[in-house]
Every structure is written in structure tokens, then in C-alpha cells.
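Peer 1: The structure that follows is given in the form of C-alpha cells.
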Amino acid sequence: AIVNRMRKDQACIPYLASMENPALDLLIDAIERANHAREGLALSGLGILNDSRFVQTARMNLASTERRSRAEAIEMIEGLGQEGRILAQALEERYATEPGAVEEHPELFRELLGQKRDPWLCICALYAVGMLKLKGFESDINPLQDHEDRTIRLNAALALSSLNFAVKEHIPKQVLKQMALDMERILFLRGVLLFSELEGRDLEWINELSVEKKFKSGELVFTEGEPADTFYVILRGKARLARGKKDTTLALLDARSSFGEECLVESGNRTYSAE
């Protein structure tokens with residue numbers, strides 16, 4: 001069942017990517033991460049049935065960026081009986097270097113909205129349906145307004161609002177507006193290098209902790225030598241990092257770049273200035 005789910009979800013990614021809409025980036029990322037987790041479960045199960053050290057070696061090779069190492073890993077797995085052959089076939093599709101034909105998956109969003117195994121997948125599907133204004137899912141979305149997960153409830157209401165359907169009266173418009181902004185910021189945070197490996201729920205938590213602050217051109221963000229207590233990500237505009245009395249430029253940073261990371265690992269003072 002795990003391998004079948006892997007193959008089915010993996011086949012949906014080219015379909016979503018073919019739409020070329022940034023609103024789908026979170027959903028594609030969520031599906032890929034869910035498949036990575038299933039791959040780990042399938043390999044763990046294979047390790048129980050076979051030599052665990054052999055499977056661990058294959059697992060390490062799969063994690064390699066080299067095509068040859070991955071191919072060798074899949075070949076190793078294929079030799080582990082019927083279960084290995086089934087998993088190897090799914091892995092070949094997952095790590096194929098040449099994109100396959102794009103197949104239509106008209107029921108994909110309905111399946112994602114109805115599944116209960118991964119709340120974040122549901123959230124990303126709701127966001128995509130609302131942003132793309134996809135019709136025909138109103139009956140699937142409406143019950144989710146009563147879901148126990150607050151983010152699912154609000155994204156369900158947000159999707160219905162985008163589709164011009166009635167939203168439950170107890171959800172203020174300002175709350176929906178904030179939810180839309182939060183999802184945009186989570187999508188933005190996904191593109192920040194430091195956060196690129198985090199799960200969707202972790203990005204949601206970081207967004208909750210974040211505060212947006214505006215600076216004028218040439219205004220100091222912080223000064224060299226002052227206590228380091230804040231980490232920054234550039235939402236819009238640019239930043240210059242400089243050091244010393246001569247104000248030597250260390251770096252010029254654009255949107256999605258980050259600075260001030262020293263406060264994340266240890267307490268201390270700033271080793272440069274930022275403006």
C-alpha cells in the first residue's frame with residue numbers, strides 16, 4: 001500500500017508542475033516530502049525482511065546526488081525478492097532523469113481534500129484550489145470549515161470565499177485576510193535557503209514567530225558590536241552588510257536572502273553592520 005501510494009502521488013507531480021502556477025509550489029513540495037517519508041518506511045520494512053546493513057547501504061546511495069549511485073541502489077533493492085522488485089520499480093519512477101508523459105489527474109484535488117493521513121497536504125490543496133479558483137470542489141471543502149485543525153478550517157473558508165461561496169458567519173473577514181497573508185508568507189519562506197529543508201508545519205510556526213518590519217533606504221538595521229538577538233529575511237528590497245571603520249562592504253543581499261544568523265546559534269554581539 002505504501003509503494004502504491006508513492007507511485008500514484010509521484011505521477012501527480014508532473015501534472016501539477018505543468019500548470020506552472022506558484023500557488024501549487026507548496027502542494028508539490030508537500031507531496032514530494034510525503035513520498036520521501038513513504039520511501040523511508042518502505043526501506044525500513046525491507047530492512048526487516050532482509051539484511052538491514054545491505055538495505056542501509058542502498059539507502060545511503062539513494063541519498064546521493066550522483067545518478068550512478070542511485071542506479072546501483074535501485075539495482076541492489078531490486079534483488080531483494082518480490083518486495084524489493086516492487087519498490088525498485090517505484091524508485092525508478094521517482095528518480096527518473098527524463099520526465100515522463102504528463103497524465104491528467106482530475107480527481108487529485110478531491111482525493112487530497114478528503115484524505116486524513118496528512119493535514120498539511122489538505123491545507124496545501126485548499127490553498128491551491130482557492131488561488132486557482134478551481135470549480136466543482138465546494139461540497140468537498142464545505143465540511144472542512146468544521147475541522148479540528150484551525151489552519152484547515154480557515155483555508156477551507158478562504159477557498160470558498162475565493163470561489164464566491166458562502167462562508168460560515170463566525171469567521172471574520174479580517175481573519176481570512178490574515179490567513180491569506182500567512183499562506184503567502186509560508187510560500188515565501190519555502191524559498192529561503194535556510195528553511196528549504198523544513199516541513200510545512202515548521203514553516204507555519206516560523207511565520208507565527210515572524211514580525212514584518214520596514215526600513216527606509218540607508219537606514220541601519222543593526223550596528224556592528226551591538227547584541228545579536230534577531231534574525232532577518234529580506235521580503236522585498238536589498239540589504240548591505242559592512243564591517244569596520246572604513247565601512248567595508250561584505251555583501252549585497254536581495255529578496256529571500258537572510259542575515260543575522262549568529263543569534264540562532266549563540267549569544268554574542270554583531271560582527272558587522274546591516275542597512
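Residue names in the C-alpha cells use chain letters A, B, ... in the order shown, residue numbers from 1 in each chain, and ligand numbers from 1 in the order shown.
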Which residues are near Val192 of chain A? Cut-off 7 Å, only C-alpha atoms, ignore same chain within fewer than 3 positions. Put them as a ChimeraX atom specification.

Peer 2: /A:189,195-196,256-257

Peer 1: Applying 12 Å and only C-alpha atoms, which residues near Lys116 of chain A remain after dropping the ones on its own chain fewer than 4 positions away? List them as a ChimeraX atom specification.

Peer 2: /A:111-112,120-123,144,147-149,152

Peer 1: Next, the residues of the selection above should be written as an mmCIF file, in the first residue's frame with N, CA and C atoms.

Peer 2:
```cif
data_model
loop_
_atom_site.group_PDB
_atom_site.id
_atom_site.type_symbol
_atom_site.label_atom_id
_atom_site.label_comp_id
_atom_site.auth_asym_id
_atom_site.auth_seq_id
_atom_site.Cartn_x
_atom_site.Cartn_y
_atom_site.Cartn_z
ATOM 1 N N GLU A 111 -9.207 13.960 -3.893
ATOM 2 C CA GLU A 111 -8.548 12.962 -3.045
ATOM 3 C C GLU A 111 -7.734 13.622 -1.934
ATOM 4 N N LEU A 112 -7.029 14.705 -2.272
ATOM 5 C CA LEU A 112 -6.206 15.391 -1.281
ATOM 6 C C LEU A 112 -7.062 16.077 -0.221
ATOM 7 N N TRP A 120 -1.257 18.677 6.442
ATOM 8 C CA TRP A 120 -0.573 19.704 5.653
ATOM 9 C C TRP A 120 -0.874 19.553 4.164
ATOM 10 N N LEU A 121 -1.009 18.319 3.678
ATOM 11 C CA LEU A 121 -1.405 18.109 2.286
ATOM 12 C C LEU A 121 -2.774 18.723 2.024
ATOM 13 N N CYS A 122 -3.688 18.539 2.962
ATOM 14 C CA CYS A 122 -5.032 19.101 2.836
ATOM 15 C C CYS A 122 -4.970 20.628 2.793
ATOM 16 N N ILE A 123 -4.162 21.216 3.658
ATOM 17 C CA ILE A 123 -4.011 22.677 3.707
ATOM 18 C C ILE A 123 -3.490 23.210 2.376
ATOM 19 N N LEU A 144 -14.978 20.966 5.729
ATOM 20 C CA LEU A 144 -13.683 21.241 6.348
ATOM 21 C C LEU A 144 -13.700 22.539 7.158
ATOM 22 N N HIS A 147 -13.435 21.502 10.695
ATOM 23 C CA HIS A 147 -12.314 20.620 11.041
ATOM 24 C C HIS A 147 -11.678 21.053 12.358
ATOM 25 N N GLU A 148 -11.111 20.099 13.092
ATOM 26 C CA GLU A 148 -10.474 20.404 14.376
ATOM 27 C C GLU A 148 -9.195 21.215 14.218
ATOM 28 N N ASP A 149 -8.571 21.133 13.048
ATOM 29 C CA ASP A 149 -7.343 21.885 12.777
ATOM 30 C C ASP A 149 -7.707 23.303 12.332
ATOM 31 N N ILE A 152 -6.711 24.317 8.725
ATOM 32 C CA ILE A 152 -7.586 23.704 7.730
ATOM 33 C C ILE A 152 -8.915 24.445 7.675
#
```

Peer 1: Please identify all polymer residues within 7 Å of Gln145 of chain A, counting only C-alpha atoms, omitting same-chain residues fewer than 4 positions from it, and present them as a PDB file with all heavy atoms, in the first residue's frame.

Peer 2:
```
ATOM      1  N   ARG A 153      -9.484  24.751   8.848  1.00  0.00           N
ATOM      2  CA  ARG A 153     -10.769  25.472   8.897  1.00  0.00           C
ATOM      3  C   ARG A 153     -10.685  26.800   8.145  1.00  0.00           C
ATOM      4  O   ARG A 153     -11.546  27.117   7.320  1.00  0.00           O
ATOM      5  CB  ARG A 153     -11.178  25.749  10.344  1.00  0.00           C
ATOM      6  CG  ARG A 153     -11.618  24.557  11.138  1.00  0.00           C
ATOM      7  CD  ARG A 153     -12.418  24.968  12.363  1.00  0.00           C
ATOM      8  NE  ARG A 153     -11.741  25.942  13.197  1.00  0.00           N
ATOM      9  CZ  ARG A 153     -10.913  25.636  14.192  1.00  0.00           C
ATOM     10  NH1 ARG A 153     -10.642  24.357  14.454  1.00  0.00           N
ATOM     11  NH2 ARG A 153     -10.356  26.589  14.928  1.00  0.00           N
ATOM     12  N   LEU A 154      -9.641  27.568   8.436  1.00  0.00           N
ATOM     13  CA  LEU A 154      -9.521  28.890   7.835  1.00  0.00           C
ATOM     14  C   LEU A 154      -9.217  28.819   6.346  1.00  0.00           C
ATOM     15  O   LEU A 154      -9.714  29.632   5.560  1.00  0.00           O
ATOM     16  CB  LEU A 154      -8.439  29.698   8.560  1.00  0.00           C
ATOM     17  CG  LEU A 154      -8.747  30.058  10.018  1.00  0.00           C
ATOM     18  CD1 LEU A 154      -7.631  30.891  10.613  1.00  0.00           C
ATOM     19  CD2 LEU A 154     -10.076  30.801  10.123  1.00  0.00           C
ATOM     20  N   ALA A 156     -10.173  26.409   4.381  1.00  0.00           N
ATOM     21  CA  ALA A 156     -11.423  25.983   3.754  1.00  0.00           C
ATOM     22  C   ALA A 156     -12.327  27.188   3.524  1.00  0.00           C
ATOM     23  O   ALA A 156     -12.897  27.366   2.431  1.00  0.00           O
ATOM     24  CB  ALA A 156     -12.128  24.950   4.628  1.00  0.00           C
ATOM     25  N   ALA A 157     -12.452  28.028   4.538  1.00  0.00           N
ATOM     26  CA  ALA A 157     -13.266  29.234   4.409  1.00  0.00           C
ATOM     27  C   ALA A 157     -12.675  30.180   3.368  1.00  0.00           C
ATOM     28  O   ALA A 157     -13.404  30.795   2.573  1.00  0.00           O
ATOM     29  CB  ALA A 157     -13.375  29.931   5.760  1.00  0.00           C
TER      30      ALA A 157
END
```

Peer 1: Run DSSP on the backbone and tell me which residues of segment 16-245 of chain A come out as helix (DSSP H, G or I); list them as a ChimeraX atom specification.

Peer 2: /A:16-17,22-49,52-62,67-78,81-94,108-114,119-132,138-146,150-162,173-190,193-195,200-209

Peer 1: Counting only C-alpha atoms, which of A:Val221, A:Leu49, A:Ala166, A:Leu132 gets nearest to Asn21 of chain A?

Peer 2: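 When distances to Asn21 of chain A are compared using only C-alpha atoms, the smallest one comes from A:Leu132.
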
Peer 1: Using only C-alpha atoms, determine which residues lie at most 12 Å from Leu43 of chain A, disregarding the query and same-chain residues fewer than 6 positions distant; provide the list as a CSV table (one decimal) with N, CA and C atoms, in the first residue's frame.

Peer 2:
```
chain,number,residue,atom,x,y,z
A,2,ILE,N,2.0,1.2,0.7
A,2,ILE,CA,2.9,2.4,0.8
A,2,ILE,C,3.5,2.7,-0.6
A,3,VAL,N,3.9,1.6,-1.2
A,3,VAL,CA,4.6,1.7,-2.5
A,3,VAL,C,3.6,2.2,-3.6
A,36,HIS,N,8.9,11.1,0.2
A,36,HIS,CA,10.2,10.8,0.8
A,36,HIS,C,10.0,10.0,2.1
A,37,ALA,N,9.0,10.4,2.9
A,37,ALA,CA,8.7,9.7,4.1
A,37,ALA,C,8.3,8.3,3.9
A,49,LEU,N,12.9,-7.5,6.6
A,49,LEU,CA,12.8,-8.8,5.9
A,49,LEU,C,14.1,-9.3,5.3
A,50,ASN,N,15.1,-8.4,5.2
A,50,ASN,CA,16.4,-8.8,4.6
A,50,ASN,C,17.5,-8.3,5.5
A,51,ASP,N,18.7,-8.3,4.9
A,51,ASP,CA,19.9,-7.9,5.7
A,51,ASP,C,19.8,-6.3,5.8
A,52,SER,N,19.6,-5.9,7.1
A,52,SER,CA,19.4,-4.4,7.3
A,52,SER,C,20.6,-3.6,6.9
A,53,ARG,N,21.8,-4.2,7.0
A,53,ARG,CA,23.0,-3.4,6.6
A,53,ARG,C,23.1,-3.2,5.1
A,54,PHE,N,22.6,-4.2,4.4
A,54,PHE,CA,22.6,-4.2,2.9
A,54,PHE,C,21.6,-3.1,2.5
A,55,VAL,N,20.4,-3.1,3.1
A,55,VAL,CA,19.4,-2.1,2.8
A,55,VAL,C,19.9,-0.7,3.2
A,56,GLN,N,20.6,-0.6,4.3
A,56,GLN,CA,21.1,0.7,4.7
A,56,GLN,C,22.1,1.3,3.7
A,57,THR,N,22.9,0.4,3.2
A,57,THR,CA,23.9,0.8,2.1
A,57,THR,C,23.1,1.4,0.9
A,58,ALA,N,22.1,0.6,0.5
A,58,ALA,CA,21.3,1.1,-0.6
A,58,ALA,C,20.6,2.4,-0.3
A,59,ARG,N,20.2,2.6,0.9
A,59,ARG,CA,19.5,3.9,1.3
A,59,ARG,C,20.5,5.0,1.2
A,60,MET,N,21.7,4.8,1.6
A,60,MET,CA,22.8,5.9,1.6
A,60,MET,C,23.0,6.2,0.1
A,62,LEU,N,20.9,6.0,-2.4
A,62,LEU,CA,19.8,6.7,-2.9
A,62,LEU,C,19.8,8.2,-2.5
A,73,ALA,N,21.9,1.7,-6.2
A,73,ALA,CA,21.0,1.4,-5.1
A,73,ALA,C,19.7,0.7,-5.5
A,74,ILE,N,19.1,1.2,-6.6
A,74,ILE,CA,17.9,0.6,-7.1
A,74,ILE,C,18.1,-0.8,-7.5
A,76,MET,N,20.3,-2.8,-6.3
A,76,MET,CA,20.5,-3.6,-5.0
A,76,MET,C,19.1,-4.0,-4.5
A,77,ILE,N,18.2,-3.0,-4.4
A,77,ILE,CA,16.9,-3.2,-3.9
A,77,ILE,C,16.1,-4.2,-4.7
A,78,GLU,N,16.3,-4.1,-6.0
A,78,GLU,CA,15.6,-5.0,-7.0
A,78,GLU,C,15.9,-6.5,-6.7
A,80,LEU,N,16.2,-7.9,-3.9
A,80,LEU,CA,15.7,-8.4,-2.6
A,80,LEU,C,14.3,-9.0,-2.7
A,83,GLU,N,9.2,-8.1,-2.9
A,83,GLU,CA,9.0,-6.7,-2.3
A,83,GLU,C,10.0,-5.7,-2.8
A,84,GLY,N,11.3,-6.2,-3.0
A,84,GLY,CA,12.3,-5.4,-3.5
A,84,GLY,C,12.1,-4.9,-4.9
A,86,ILE,N,9.2,-4.6,-6.4
A,86,ILE,CA,8.0,-3.7,-6.5
A,86,ILE,C,8.5,-2.3,-6.0
A,87,LEU,N,9.3,-2.2,-5.0
A,87,LEU,CA,9.8,-1.0,-4.5
A,87,LEU,C,10.8,-0.4,-5.5
A,88,ALA,N,11.6,-1.2,-6.1
A,88,ALA,CA,12.6,-0.7,-7.1
A,88,ALA,C,11.9,0.0,-8.3
A,90,ALA,N,9.0,1.5,-8.2
A,90,ALA,CA,8.6,2.8,-7.8
A,90,ALA,C,9.7,3.8,-7.7
A,91,LEU,N,10.9,3.4,-7.2
A,91,LEU,CA,12.0,4.2,-7.1
A,91,LEU,C,12.6,4.7,-8.5
```

Peer 1: Within 10 Å of Gln10 of chain A, counting only C-alpha atoms, which residues qualify if same-chain residues fewer than 3 places away don't, as a ChimeraX atom specification?

Peer 2: /A:4-7,13-15,28,31-32,34-35,90-91,93-95

Peer 1: Leu158 of chain A: which residues within 10 Å, counting only C-alpha atoms, same-chain residues fewer than 4 positions away excluded, as an NGL selection string?

Peer 2: :A and (126-127 or 129-131 or 145 or 152-154 or 162-165 or 167 or 171 or 173 or 175-177 or 179-180)

Peer 1: In Å, rounded to a single decimal, give me how far atom CA of Gln174 of chain A is from atom CA of Ala30 of chain A.

Peer 2: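 Spanning atom CA of Ala30 of chain A to atom CA of Gln174 of chain A is a straight-line distance of 27.2 Å.
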
Peer 1: Excluding Glu262 of chain A and any residue of its chain fewer than 6 positions from it, enumerate the residues within 10 Å of it, using only C-alpha atoms, and give them as a list of chain:residue names.

Peer 2: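 Contacts, with the query itself left out: A:Ala228, A:Asp229, A:Thr230, A:Phe231, A:Gly268, A:Asn269, A:Arg270, A:Thr271.
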